[in-house]
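**Student:** Take a look at my_file-v4.cif, mmCIF, N, CA and C atoms:
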data_structure
loop_
_atom_site.label_atom_id
_atom_site.label_comp_id
_atom_site.auth_asym_id
_atom_site.auth_seq_id
_atom_site.Cartn_x
_atom_site.Cartn_y
_atom_site.Cartn_z
N MET A 130 -43.57 4.88 -17.60
CA MET A 130 -44.19 4.40 -18.81
C MET A 130 -44.32 5.52 -19.84
N HIS A 131 -44.58 6.72 -19.36
CA HIS A 131 -44.70 7.85 -20.28
C HIS A 131 -43.36 8.15 -20.95
N LEU A 132 -42.28 8.00 -20.18
CA LEU A 132 -40.95 8.23 -20.74
C LEU A 132 -40.66 7.22 -21.84
N PHE A 133 -41.03 5.99 -21.60
CA PHE A 133 -40.82 4.92 -22.58
C PHE A 133 -41.58 5.20 -23.88
N LEU A 134 -42.85 5.53 -23.75
CA LEU A 134 -43.67 5.79 -24.94
C LEU A 134 -43.22 7.04 -25.69
N SER A 135 -42.90 8.09 -24.96
CA SER A 135 -42.43 9.31 -25.64
C SER A 135 -41.10 9.07 -26.33
N PHE A 136 -40.24 8.28 -25.71
CA PHE A 136 -38.96 7.95 -26.32
C PHE A 136 -39.17 7.18 -27.63
N LEU A 137 -40.06 6.20 -27.62
CA LEU A 137 -40.33 5.42 -28.84
C LEU A 137 -40.94 6.29 -29.93
N ILE A 138 -41.80 7.22 -29.57
CA ILE A 138 -42.41 8.11 -30.56
C ILE A 138 -41.34 9.01 -31.18
N ILE A 139 -40.45 9.53 -30.35
CA ILE A 139 -39.37 10.38 -30.86
C ILE A 139 -38.44 9.58 -31.78
N CYS A 140 -38.10 8.36 -31.38
CA CYS A 140 -37.24 7.51 -32.21
C CYS A 140 -37.91 7.18 -33.53
N ALA A 141 -39.19 6.88 -33.50
CA ALA A 141 -39.91 6.59 -34.74
C ALA A 141 -39.91 7.81 -35.66
N GLY A 142 -40.06 9.00 -35.09
CA GLY A 142 -40.00 10.22 -35.90
C GLY A 142 -38.64 10.43 -36.52
N ILE A 143 -37.59 10.18 -35.75
CA ILE A 143 -36.23 10.34 -36.28
C ILE A 143 -35.98 9.34 -37.40
N ILE A 144 -36.38 8.09 -37.18
CA ILE A 144 -36.19 7.07 -38.22
C ILE A 144 -36.96 7.44 -39.47
N TRP A 145 -38.20 7.87 -39.32
CA TRP A 145 -39.03 8.24 -40.47
C TRP A 145 -38.40 9.40 -41.24
N MET A 146 -37.91 10.42 -40.54
CA MET A 146 -37.31 11.58 -41.21
C MET A 146 -36.03 11.19 -41.94
N GLU A 147 -35.20 10.36 -41.32
CA GLU A 147 -33.93 9.99 -41.94
C GLU A 147 -34.12 9.03 -43.12
N ILE A 148 -35.00 8.08 -42.98
CA ILE A 148 -35.25 7.13 -44.07
C ILE A 148 -35.88 7.84 -45.27
N LYS A 149 -36.73 8.81 -44.99
CA LYS A 149 -37.39 9.56 -46.07
C LYS A 149 -36.36 10.31 -46.92
N ARG A 150 -35.26 10.72 -46.32
CA ARG A 150 -34.24 11.47 -47.06
C ARG A 150 -33.50 10.61 -48.08
N LEU A 151 -33.30 9.34 -47.76
CA LEU A 151 -32.55 8.46 -48.66
C LEU A 151 -33.44 8.01 -49.81
N PRO A 152 -32.95 8.10 -51.04
CA PRO A 152 -33.73 7.60 -52.16
C PRO A 152 -33.94 6.09 -52.03
N GLN A 153 -35.11 5.62 -52.42
CA GLN A 153 -35.49 4.22 -52.21
C GLN A 153 -34.64 3.25 -53.01
N HIS A 154 -34.36 3.55 -54.23
CA HIS A 154 -33.75 2.56 -55.12
C HIS A 154 -32.24 2.47 -54.99
N SER A 155 -31.55 3.53 -54.62
CA SER A 155 -30.10 3.52 -54.72
C SER A 155 -29.37 3.30 -53.40
N HIS A 156 -30.04 3.44 -52.28
CA HIS A 156 -29.32 3.37 -51.01
C HIS A 156 -29.88 2.29 -50.09
N LYS A 157 -30.06 1.08 -50.61
CA LYS A 157 -30.63 0.00 -49.80
C LYS A 157 -29.68 -0.42 -48.69
N LYS A 158 -28.38 -0.49 -49.00
CA LYS A 158 -27.41 -0.88 -47.98
C LYS A 158 -27.33 0.17 -46.88
N GLU A 159 -27.36 1.43 -47.26
CA GLU A 159 -27.31 2.49 -46.26
C GLU A 159 -28.53 2.45 -45.36
N ARG A 160 -29.68 2.15 -45.93
CA ARG A 160 -30.90 2.03 -45.12
C ARG A 160 -30.77 0.89 -44.12
N LYS A 161 -30.26 -0.25 -44.57
CA LYS A 161 -30.11 -1.40 -43.68
C LYS A 161 -29.14 -1.09 -42.54
N ILE A 162 -28.01 -0.49 -42.88
CA ILE A 162 -27.02 -0.15 -41.86
C ILE A 162 -27.60 0.87 -40.89
N PHE A 163 -28.32 1.85 -41.40
CA PHE A 163 -28.94 2.85 -40.53
C PHE A 163 -29.92 2.19 -39.56
N ILE A 164 -30.73 1.28 -40.06
CA ILE A 164 -31.71 0.61 -39.20
C ILE A 164 -31.02 -0.24 -38.14
N VAL A 165 -29.94 -0.92 -38.52
CA VAL A 165 -29.21 -1.74 -37.54
C VAL A 165 -28.63 -0.87 -36.44
N PHE A 166 -27.94 0.21 -36.82
CA PHE A 166 -27.33 1.07 -35.80
C PHE A 166 -28.37 1.79 -34.97
N MET A 167 -29.46 2.19 -35.58
CA MET A 167 -30.52 2.85 -34.82
C MET A 167 -31.17 1.89 -33.83
N THR A 168 -31.35 0.64 -34.25
CA THR A 168 -31.92 -0.36 -33.35
C THR A 168 -31.00 -0.61 -32.15
N ILE A 169 -29.71 -0.72 -32.41
CA ILE A 169 -28.75 -0.91 -31.32
C ILE A 169 -28.78 0.28 -30.37
N SER A 170 -28.79 1.48 -30.91
CA SER A 170 -28.79 2.67 -30.04
C SER A 170 -30.09 2.79 -29.26
N ILE A 171 -31.22 2.41 -29.86
CA ILE A 171 -32.49 2.45 -29.14
C ILE A 171 -32.48 1.43 -28.00
N MET A 172 -31.93 0.26 -28.25
CA MET A 172 -31.87 -0.75 -27.20
C MET A 172 -31.00 -0.30 -26.03
N ILE A 173 -29.87 0.33 -26.33
CA ILE A 173 -29.00 0.83 -25.27
C ILE A 173 -29.69 1.95 -24.50
N ALA A 174 -30.36 2.84 -25.21
CA ALA A 174 -31.07 3.93 -24.54
C ALA A 174 -32.21 3.40 -23.67
N LEU A 175 -32.92 2.39 -24.14
CA LEU A 175 -33.99 1.80 -23.32
C LEU A 175 -33.43 1.12 -22.08
N ALA A 176 -32.28 0.49 -22.22
CA ALA A 176 -31.64 -0.11 -21.05
C ALA A 176 -31.27 0.96 -20.03
N LYS A 177 -30.81 2.11 -20.51
CA LYS A 177 -30.50 3.22 -19.59
C LYS A 177 -31.76 3.78 -18.95
N ILE A 178 -32.86 3.86 -19.71
CA ILE A 178 -34.12 4.36 -19.16
C ILE A 178 -34.61 3.45 -18.04
N PHE A 179 -34.50 2.13 -18.25
CA PHE A 179 -34.96 1.18 -17.24
C PHE A 179 -33.90 0.87 -16.19
N ARG A 180 -32.79 1.58 -16.24
CA ARG A 180 -31.69 1.47 -15.27
C ARG A 180 -31.14 0.05 -15.18
N LEU A 181 -30.98 -0.57 -16.31
CA LEU A 181 -30.36 -1.89 -16.37
C LEU A 181 -28.85 -1.72 -16.38
N PRO A 182 -28.11 -2.64 -15.79
CA PRO A 182 -26.65 -2.51 -15.80
C PRO A 182 -26.10 -2.75 -17.21
N LEU A 183 -25.30 -1.81 -17.66
CA LEU A 183 -24.68 -1.93 -18.98
C LEU A 183 -23.18 -2.09 -18.81
N PRO A 184 -22.55 -2.94 -19.60
CA PRO A 184 -21.11 -3.08 -19.49
C PRO A 184 -20.39 -1.83 -19.99
N ASN A 185 -19.34 -1.51 -19.31
CA ASN A 185 -18.52 -0.36 -19.64
C ASN A 185 -17.31 -0.86 -20.45
N PRO A 186 -16.81 -0.13 -21.42
CA PRO A 186 -15.62 -0.59 -22.15
C PRO A 186 -14.42 -0.86 -21.24
N SER A 187 -14.30 -0.13 -20.15
CA SER A 187 -13.20 -0.41 -19.23
C SER A 187 -13.37 -1.76 -18.55
N ASP A 188 -14.59 -2.24 -18.39
CA ASP A 188 -14.82 -3.58 -17.86
C ASP A 188 -14.28 -4.63 -18.82
N TRP A 189 -14.44 -4.40 -20.11
CA TRP A 189 -13.92 -5.34 -21.11
C TRP A 189 -12.40 -5.38 -21.06
N VAL A 190 -11.77 -4.22 -20.95
CA VAL A 190 -10.32 -4.16 -20.88
C VAL A 190 -9.84 -4.86 -19.62
N GLU A 191 -10.52 -4.63 -18.51
CA GLU A 191 -10.16 -5.28 -17.26
C GLU A 191 -10.29 -6.80 -17.38
N ALA A 192 -11.34 -7.28 -18.00
CA ALA A 192 -11.53 -8.72 -18.17
C ALA A 192 -10.45 -9.32 -19.07
N MET A 193 -9.98 -8.56 -20.05
CA MET A 193 -8.94 -9.07 -20.95
C MET A 193 -7.59 -9.16 -20.24
N PHE A 194 -7.26 -8.15 -19.43
CA PHE A 194 -5.94 -8.10 -18.83
C PHE A 194 -5.86 -8.69 -17.44
N GLN A 195 -6.96 -9.12 -16.86
CA GLN A 195 -6.94 -9.68 -15.52
C GLN A 195 -6.09 -10.95 -15.44
N PRO A 196 -6.20 -11.90 -16.37
CA PRO A 196 -5.32 -13.08 -16.27
C PRO A 196 -3.84 -12.71 -16.35
N LEU A 197 -3.50 -11.78 -17.20
CA LEU A 197 -2.11 -11.34 -17.31
C LEU A 197 -1.67 -10.66 -16.03
N SER A 198 -2.54 -9.89 -15.44
CA SER A 198 -2.24 -9.21 -14.19
C SER A 198 -1.96 -10.22 -13.08
N HIS A 199 -2.78 -11.24 -12.98
CA HIS A 199 -2.57 -12.27 -11.95
C HIS A 199 -1.25 -13.00 -12.18
N LEU A 200 -0.94 -13.29 -13.42
CA LEU A 200 0.31 -13.97 -13.75
C LEU A 200 1.51 -13.10 -13.36
N LEU A 201 1.49 -11.84 -13.73
CA LEU A 201 2.60 -10.94 -13.39
C LEU A 201 2.71 -10.73 -11.89
N PHE A 202 1.58 -10.64 -11.21
CA PHE A 202 1.61 -10.45 -9.77
C PHE A 202 2.23 -11.66 -9.07
N ARG A 203 1.90 -12.88 -9.53
CA ARG A 203 2.51 -14.08 -8.95
C ARG A 203 4.00 -14.14 -9.26
N TRP A 204 4.39 -13.68 -10.44
CA TRP A 204 5.79 -13.72 -10.83
C TRP A 204 6.61 -12.73 -10.00
N ILE A 205 6.04 -11.56 -9.70
CA ILE A 205 6.76 -10.53 -8.95
C ILE A 205 6.89 -10.91 -7.48
N THR A 206 5.86 -11.48 -6.89
CA THR A 206 5.91 -11.77 -5.44
C THR A 206 6.41 -13.14 -5.14
#
What do you get writing this file as structure tokens?
**Tutor:**
Amino acid sequence: MHLFLSFLIICAGIIWMEIKRLPQHSHKKERKIFIVFMTISIMIALAKIFRLPLPNPSDWVEAMFQPLSHLLFRWIT
């Protein structure tokens, strides 16, 4: 629990420091994009902290090519 709370405090500090750097009136899109990417990265980091299974990019490639692999394997044998 301490790791979770300290992680959130550190993330809040990083967000506060980075948002403070961007001028309020001219960089609204950049702020939105920053918040979206930061939220995604925080969620992934929290999943790693709680040891939840995360998909690996190689799993996605395997899922894409598995039907083709089965087809080629049947064709060869």
**Student:** Report the distance between atom N of Cys140 in chain A and atom C of Ser170 in chain A in Å, rounded to one decimal place.
**Tutor:** 10.0 Å
**Student:** Under the PyMOL selection byres (((chain A and resi 178-194 and name CA) around 12) and name CA), which residues of this model are included? Write them out as a PyMOL selection string.
**Tutor:** chain A and resi 130-137+171-177+195-201
**Student:** Can those selected residues be exported to a file as a PDB file, keeping the file's coordinate frame so that it contains N, CA and C atoms?
**Tutor:**
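What follows is the written file again.pdb:
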ATOM      1  N   MET A 130     -43.570   4.880 -17.600  1.00  0.00           N
ATOM      2  CA  MET A 130     -44.190   4.400 -18.810  1.00  0.00           C
ATOM      3  C   MET A 130     -44.320   5.520 -19.840  1.00  0.00           C
ATOM      4  N   HIS A 131     -44.580   6.720 -19.360  1.00  0.00           N
ATOM      5  CA  HIS A 131     -44.700   7.850 -20.280  1.00  0.00           C
ATOM      6  C   HIS A 131     -43.360   8.150 -20.950  1.00  0.00           C
ATOM      7  N   LEU A 132     -42.280   8.000 -20.180  1.00  0.00           N
ATOM      8  CA  LEU A 132     -40.950   8.230 -20.740  1.00  0.00           C
ATOM      9  C   LEU A 132     -40.660   7.220 -21.840  1.00  0.00           C
ATOM     10  N   PHE A 133     -41.030   5.990 -21.600  1.00  0.00           N
ATOM     11  CA  PHE A 133     -40.820   4.920 -22.580  1.00  0.00           C
ATOM     12  C   PHE A 133     -41.580   5.200 -23.880  1.00  0.00           C
ATOM     13  N   LEU A 134     -42.850   5.530 -23.750  1.00  0.00           N
ATOM     14  CA  LEU A 134     -43.670   5.790 -24.940  1.00  0.00           C
ATOM     15  C   LEU A 134     -43.220   7.040 -25.690  1.00  0.00           C
ATOM     16  N   SER A 135     -42.900   8.090 -24.960  1.00  0.00           N
ATOM     17  CA  SER A 135     -42.430   9.310 -25.640  1.00  0.00           C
ATOM     18  C   SER A 135     -41.100   9.070 -26.330  1.00  0.00           C
ATOM     19  N   PHE A 136     -40.240   8.280 -25.710  1.00  0.00           N
ATOM     20  CA  PHE A 136     -38.960   7.950 -26.320  1.00  0.00           C
ATOM     21  C   PHE A 136     -39.170   7.180 -27.630  1.00  0.00           C
ATOM     22  N   LEU A 137     -40.060   6.200 -27.620  1.00  0.00           N
ATOM     23  CA  LEU A 137     -40.330   5.420 -28.840  1.00  0.00           C
ATOM     24  C   LEU A 137     -40.940   6.290 -29.930  1.00  0.00           C
ATOM     25  N   ILE A 171     -31.220   2.410 -29.860  1.00  0.00           N
ATOM     26  CA  ILE A 171     -32.490   2.450 -29.140  1.00  0.00           C
ATOM     27  C   ILE A 171     -32.480   1.430 -28.000  1.00  0.00           C
ATOM     28  N   MET A 172     -31.930   0.260 -28.250  1.00  0.00           N
ATOM     29  CA  MET A 172     -31.870  -0.750 -27.200  1.00  0.00           C
ATOM     30  C   MET A 172     -31.000  -0.300 -26.030  1.00  0.00           C
ATOM     31  N   ILE A 173     -29.870   0.330 -26.330  1.00  0.00           N
ATOM     32  CA  ILE A 173     -29.000   0.830 -25.270  1.00  0.00           C
ATOM     33  C   ILE A 173     -29.690   1.950 -24.500  1.00  0.00           C
ATOM     34  N   ALA A 174     -30.360   2.840 -25.210  1.00  0.00           N
ATOM     35  CA  ALA A 174     -31.070   3.930 -24.540  1.00  0.00           C
ATOM     36  C   ALA A 174     -32.210   3.400 -23.670  1.00  0.00           C
ATOM     37  N   LEU A 175     -32.920   2.390 -24.140  1.00  0.00           N
ATOM     38  CA  LEU A 175     -33.990   1.800 -23.320  1.00  0.00           C
ATOM     39  C   LEU A 175     -33.430   1.120 -22.080  1.00  0.00           C
ATOM     40  N   ALA A 176     -32.280   0.490 -22.220  1.00  0.00           N
ATOM     41  CA  ALA A 176     -31.640  -0.110 -21.050  1.00  0.00           C
ATOM     42  C   ALA A 176     -31.270   0.960 -20.030  1.00  0.00           C
ATOM     43  N   LYS A 177     -30.810   2.110 -20.510  1.00  0.00           N
ATOM     44  CA  LYS A 177     -30.500   3.220 -19.590  1.00  0.00           C
ATOM     45  C   LYS A 177     -31.760   3.780 -18.950  1.00  0.00           C
ATOM     46  N   GLN A 195      -6.960  -9.120 -16.860  1.00  0.00           N
ATOM     47  CA  GLN A 195      -6.940  -9.680 -15.520  1.00  0.00           C
ATOM     48  C   GLN A 195      -6.090 -10.950 -15.440  1.00  0.00           C
ATOM     49  N   PRO A 196      -6.200 -11.900 -16.370  1.00  0.00           N
ATOM     50  CA  PRO A 196      -5.320 -13.080 -16.270  1.00  0.00           C
ATOM     51  C   PRO A 196      -3.840 -12.710 -16.350  1.00  0.00           C
ATOM     52  N   LEU A 197      -3.500 -11.780 -17.200  1.00  0.00           N
ATOM     53  CA  LEU A 197      -2.110 -11.340 -17.310  1.00  0.00           C
ATOM     54  C   LEU A 197      -1.670 -10.660 -16.030  1.00  0.00           C
ATOM     55  N   SER A 198      -2.540  -9.890 -15.440  1.00  0.00           N
ATOM     56  CA  SER A 198      -2.240  -9.210 -14.190  1.00  0.00           C
ATOM     57  C   SER A 198      -1.960 -10.220 -13.080  1.00  0.00           C
ATOM     58  N   HIS A 199      -2.780 -11.240 -12.980  1.00  0.00           N
ATOM     59  CA  HIS A 199      -2.570 -12.270 -11.950  1.00  0.00           C
ATOM     60  C   HIS A 199      -1.250 -13.000 -12.180  1.00  0.00           C
ATOM     61  N   LEU A 200      -0.940 -13.290 -13.420  1.00  0.00           N
ATOM     62  CA  LEU A 200       0.310 -13.970 -13.750  1.00  0.00           C
ATOM     63  C   LEU A 200       1.510 -13.100 -13.360  1.00  0.00           C
ATOM     64  N   LEU A 201       1.490 -11.840 -13.730  1.00  0.00           N
ATOM     65  CA  LEU A 201       2.600 -10.940 -13.390  1.00  0.00           C
ATOM     66  C   LEU A 201       2.710 -10.730 -11.890  1.00  0.00           C
TER      67      LEU A 201
END
**Student:** Give me the residues within 12 Å of range 148-154 of chain A as a ChimeraX atom specification, counting only C-alpha atoms and dropping any in the same chain fewer than 6 places off.
**Tutor:** /A:141-142,160-164,167
**Student:** Suppose we keep N, CA and C atoms; can you now write the selection as a PDB file, in the frame of the given file?
**Tutor:**
ATOM      1  N   ALA A 141     -39.190   6.880 -33.500  1.00  0.00           N
ATOM      2  CA  ALA A 141     -39.910   6.590 -34.740  1.00  0.00           C
ATOM      3  C   ALA A 141     -39.910   7.810 -35.660  1.00  0.00           C
ATOM      4  N   GLY A 142     -40.060   9.000 -35.090  1.00  0.00           N
ATOM      5  CA  GLY A 142     -40.000  10.220 -35.900  1.00  0.00           C
ATOM      6  C   GLY A 142     -38.640  10.430 -36.520  1.00  0.00           C
ATOM      7  N   ARG A 160     -29.680   2.150 -45.930  1.00  0.00           N
ATOM      8  CA  ARG A 160     -30.900   2.030 -45.120  1.00  0.00           C
ATOM      9  C   ARG A 160     -30.770   0.890 -44.120  1.00  0.00           C
ATOM     10  N   LYS A 161     -30.260  -0.250 -44.570  1.00  0.00           N
ATOM     11  CA  LYS A 161     -30.110  -1.400 -43.680  1.00  0.00           C
ATOM     12  C   LYS A 161     -29.140  -1.090 -42.540  1.00  0.00           C
ATOM     13  N   ILE A 162     -28.010  -0.490 -42.880  1.00  0.00           N
ATOM     14  CA  ILE A 162     -27.020  -0.150 -41.860  1.00  0.00           C
ATOM     15  C   ILE A 162     -27.600   0.870 -40.890  1.00  0.00           C
ATOM     16  N   PHE A 163     -28.320   1.850 -41.400  1.00  0.00           N
ATOM     17  CA  PHE A 163     -28.940   2.850 -40.530  1.00  0.00           C
ATOM     18  C   PHE A 163     -29.920   2.190 -39.560  1.00  0.00           C
ATOM     19  N   ILE A 164     -30.730   1.280 -40.060  1.00  0.00           N
ATOM     20  CA  ILE A 164     -31.710   0.610 -39.200  1.00  0.00           C
ATOM     21  C   ILE A 164     -31.020  -0.240 -38.140  1.00  0.00           C
ATOM     22  N   MET A 167     -29.460   2.190 -35.580  1.00  0.00           N
ATOM     23  CA  MET A 167     -30.520   2.850 -34.820  1.00  0.00           C
ATOM     24  C   MET A 167     -31.170   1.890 -33.830  1.00  0.00           C
TER      25      MET A 167
END
**Student:** Could you tell me how far CA of Ile139 in chain A lies from atom C of Ser155 in chain A, in Å and to one decimal?
**Tutor:**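 Answer for the CA of Ile139 in chain A to atom C of Ser155 in chain A separation: 25.7 Å.
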**Student:** Record the distance separating atom C of Glu159 in chain A and atom N of Ile138 in chain A, expressed in Å with one decimal.
**Tutor:**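 Going from atom C of Glu159 in chain A over to atom N of Ile138 in chain A, I get 21.2 Å.
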**Student:** I need the residues of chain A that end up classed as helix (DSSP H, G or I) by DSSP on the backbone, written out as a CSV table (one decimal) with N, CA and C atoms, in the coordinates of the input.
**Tutor:**
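Saved to selection_37.csv:
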chain,number,residue,atom,x,y,z
A,131,HIS,N,-44.6,6.7,-19.4
A,131,HIS,CA,-44.7,7.8,-20.3
A,131,HIS,C,-43.4,8.2,-21.0
A,132,LEU,N,-42.3,8.0,-20.2
A,132,LEU,CA,-41.0,8.2,-20.7
A,132,LEU,C,-40.7,7.2,-21.8
A,133,PHE,N,-41.0,6.0,-21.6
A,133,PHE,CA,-40.8,4.9,-22.6
A,133,PHE,C,-41.6,5.2,-23.9
A,134,LEU,N,-42.8,5.5,-23.8
A,134,LEU,CA,-43.7,5.8,-24.9
A,134,LEU,C,-43.2,7.0,-25.7
A,135,SER,N,-42.9,8.1,-25.0
A,135,SER,CA,-42.4,9.3,-25.6
A,135,SER,C,-41.1,9.1,-26.3
A,136,PHE,N,-40.2,8.3,-25.7
A,136,PHE,CA,-39.0,8.0,-26.3
A,136,PHE,C,-39.2,7.2,-27.6
A,137,LEU,N,-40.1,6.2,-27.6
A,137,LEU,CA,-40.3,5.4,-28.8
A,137,LEU,C,-40.9,6.3,-29.9
A,138,ILE,N,-41.8,7.2,-29.6
A,138,ILE,CA,-42.4,8.1,-30.6
A,138,ILE,C,-41.3,9.0,-31.2
A,139,ILE,N,-40.4,9.5,-30.4
A,139,ILE,CA,-39.4,10.4,-30.9
A,139,ILE,C,-38.4,9.6,-31.8
A,140,CYS,N,-38.1,8.4,-31.4
A,140,CYS,CA,-37.2,7.5,-32.2
A,140,CYS,C,-37.9,7.2,-33.5
A,141,ALA,N,-39.2,6.9,-33.5
A,141,ALA,CA,-39.9,6.6,-34.7
A,141,ALA,C,-39.9,7.8,-35.7
A,142,GLY,N,-40.1,9.0,-35.1
A,142,GLY,CA,-40.0,10.2,-35.9
A,142,GLY,C,-38.6,10.4,-36.5
A,143,ILE,N,-37.6,10.2,-35.8
A,143,ILE,CA,-36.2,10.3,-36.3
A,143,ILE,C,-36.0,9.3,-37.4
A,144,ILE,N,-36.4,8.1,-37.2
A,144,ILE,CA,-36.2,7.1,-38.2
A,144,ILE,C,-37.0,7.4,-39.5
A,145,TRP,N,-38.2,7.9,-39.3
A,145,TRP,CA,-39.0,8.2,-40.5
A,145,TRP,C,-38.4,9.4,-41.2
A,146,MET,N,-37.9,10.4,-40.5
A,146,MET,CA,-37.3,11.6,-41.2
A,146,MET,C,-36.0,11.2,-41.9
A,147,GLU,N,-35.2,10.4,-41.3
A,147,GLU,CA,-33.9,10.0,-41.9
A,147,GLU,C,-34.1,9.0,-43.1
A,148,ILE,N,-35.0,8.1,-43.0
A,148,ILE,CA,-35.2,7.1,-44.1
A,148,ILE,C,-35.9,7.8,-45.3
A,149,LYS,N,-36.7,8.8,-45.0
A,149,LYS,CA,-37.4,9.6,-46.1
A,149,LYS,C,-36.4,10.3,-46.9
A,150,ARG,N,-35.3,10.7,-46.3
A,150,ARG,CA,-34.2,11.5,-47.1
A,150,ARG,C,-33.5,10.6,-48.1
A,157,LYS,N,-30.1,1.1,-50.6
A,157,LYS,CA,-30.6,0.0,-49.8
A,157,LYS,C,-29.7,-0.4,-48.7
A,158,LYS,N,-28.4,-0.5,-49.0
A,158,LYS,CA,-27.4,-0.9,-48.0
A,158,LYS,C,-27.3,0.2,-46.9
A,159,GLU,N,-27.4,1.4,-47.3
A,159,GLU,CA,-27.3,2.5,-46.3
A,159,GLU,C,-28.5,2.4,-45.4
A,160,ARG,N,-29.7,2.2,-45.9
A,160,ARG,CA,-30.9,2.0,-45.1
A,160,ARG,C,-30.8,0.9,-44.1
A,161,LYS,N,-30.3,-0.2,-44.6
A,161,LYS,CA,-30.1,-1.4,-43.7
A,161,LYS,C,-29.1,-1.1,-42.5
A,162,ILE,N,-28.0,-0.5,-42.9
A,162,ILE,CA,-27.0,-0.2,-41.9
A,162,ILE,C,-27.6,0.9,-40.9
A,163,PHE,N,-28.3,1.8,-41.4
A,163,PHE,CA,-28.9,2.8,-40.5
A,163,PHE,C,-29.9,2.2,-39.6
A,164,ILE,N,-30.7,1.3,-40.1
A,164,ILE,CA,-31.7,0.6,-39.2
A,164,ILE,C,-31.0,-0.2,-38.1
A,165,VAL,N,-29.9,-0.9,-38.5
A,165,VAL,CA,-29.2,-1.7,-37.5
A,165,VAL,C,-28.6,-0.9,-36.4
A,166,PHE,N,-27.9,0.2,-36.8
A,166,PHE,CA,-27.3,1.1,-35.8
A,166,PHE,C,-28.4,1.8,-35.0
A,167,MET,N,-29.5,2.2,-35.6
A,167,MET,CA,-30.5,2.8,-34.8
A,167,MET,C,-31.2,1.9,-33.8
A,168,THR,N,-31.4,0.6,-34.2
A,168,THR,CA,-31.9,-0.4,-33.4
A,168,THR,C,-31.0,-0.6,-32.2
A,169,ILE,N,-29.7,-0.7,-32.4
A,169,ILE,CA,-28.8,-0.9,-31.3
A,169,ILE,C,-28.8,0.3,-30.4
A,170,SER,N,-28.8,1.5,-30.9
A,170,SER,CA,-28.8,2.7,-30.0
A,170,SER,C,-30.1,2.8,-29.3
A,171,ILE,N,-31.2,2.4,-29.9
A,171,ILE,CA,-32.5,2.4,-29.1
A,171,ILE,C,-32.5,1.4,-28.0
A,172,MET,N,-31.9,0.3,-28.2
A,172,MET,CA,-31.9,-0.8,-27.2
A,172,MET,C,-31.0,-0.3,-26.0
A,173,ILE,N,-29.9,0.3,-26.3
A,173,ILE,CA,-29.0,0.8,-25.3
A,173,ILE,C,-29.7,2.0,-24.5
A,174,ALA,N,-30.4,2.8,-25.2
A,174,ALA,CA,-31.1,3.9,-24.5
A,174,ALA,C,-32.2,3.4,-23.7
A,175,LEU,N,-32.9,2.4,-24.1
A,175,LEU,CA,-34.0,1.8,-23.3
A,175,LEU,C,-33.4,1.1,-22.1
A,176,ALA,N,-32.3,0.5,-22.2
A,176,ALA,CA,-31.6,-0.1,-21.0
A,176,ALA,C,-31.3,1.0,-20.0
A,177,LYS,N,-30.8,2.1,-20.5
A,177,LYS,CA,-30.5,3.2,-19.6
A,177,LYS,C,-31.8,3.8,-19.0
A,178,ILE,N,-32.9,3.9,-19.7
A,178,ILE,CA,-34.1,4.4,-19.2
A,178,ILE,C,-34.6,3.4,-18.0
A,186,PRO,N,-16.8,-0.1,-21.4
A,186,PRO,CA,-15.6,-0.6,-22.2
A,186,PRO,C,-14.4,-0.9,-21.2
A,187,SER,N,-14.3,-0.1,-20.2
A,187,SER,CA,-13.2,-0.4,-19.2
A,187,SER,C,-13.4,-1.8,-18.6
A,188,ASP,N,-14.6,-2.2,-18.4
A,188,ASP,CA,-14.8,-3.6,-17.9
A,188,ASP,C,-14.3,-4.6,-18.8
A,189,TRP,N,-14.4,-4.4,-20.1
A,189,TRP,CA,-13.9,-5.3,-21.1
A,189,TRP,C,-12.4,-5.4,-21.1
A,190,VAL,N,-11.8,-4.2,-21.0
A,190,VAL,CA,-10.3,-4.2,-20.9
A,190,VAL,C,-9.8,-4.9,-19.6
A,191,GLU,N,-10.5,-4.6,-18.5
A,191,GLU,CA,-10.2,-5.3,-17.3
A,191,GLU,C,-10.3,-6.8,-17.4
A,192,ALA,N,-11.3,-7.3,-18.0
A,192,ALA,CA,-11.5,-8.7,-18.2
A,192,ALA,C,-10.4,-9.3,-19.1
A,193,MET,N,-10.0,-8.6,-20.0
A,193,MET,CA,-8.9,-9.1,-21.0
A,193,MET,C,-7.6,-9.2,-20.2
A,194,PHE,N,-7.3,-8.2,-19.4
A,194,PHE,CA,-5.9,-8.1,-18.8
A,194,PHE,C,-5.9,-8.7,-17.4
A,195,GLN,N,-7.0,-9.1,-16.9
A,195,GLN,CA,-6.9,-9.7,-15.5
A,195,GLN,C,-6.1,-11.0,-15.4
A,196,PRO,N,-6.2,-11.9,-16.4
A,196,PRO,CA,-5.3,-13.1,-16.3
A,196,PRO,C,-3.8,-12.7,-16.4
A,197,LEU,N,-3.5,-11.8,-17.2
A,197,LEU,CA,-2.1,-11.3,-17.3
A,197,LEU,C,-1.7,-10.7,-16.0
A,198,SER,N,-2.5,-9.9,-15.4
A,198,SER,CA,-2.2,-9.2,-14.2
A,198,SER,C,-2.0,-10.2,-13.1
A,199,HIS,N,-2.8,-11.2,-13.0
A,199,HIS,CA,-2.6,-12.3,-12.0
A,199,HIS,C,-1.2,-13.0,-12.2
A,200,LEU,N,-0.9,-13.3,-13.4
A,200,LEU,CA,0.3,-14.0,-13.8
A,200,LEU,C,1.5,-13.1,-13.4
A,201,LEU,N,1.5,-11.8,-13.7
A,201,LEU,CA,2.6,-10.9,-13.4
A,201,LEU,C,2.7,-10.7,-11.9
A,202,PHE,N,1.6,-10.6,-11.2
A,202,PHE,CA,1.6,-10.4,-9.8
A,202,PHE,C,2.2,-11.7,-9.1
A,203,ARG,N,1.9,-12.9,-9.5
A,203,ARG,CA,2.5,-14.1,-9.0
A,203,ARG,C,4.0,-14.1,-9.3
A,204,TRP,N,4.4,-13.7,-10.4
A,204,TRP,CA,5.8,-13.7,-10.8
A,204,TRP,C,6.6,-12.7,-10.0
A,205,ILE,N,6.0,-11.6,-9.7
A,205,ILE,CA,6.8,-10.5,-9.0
A,205,ILE,C,6.9,-10.9,-7.5
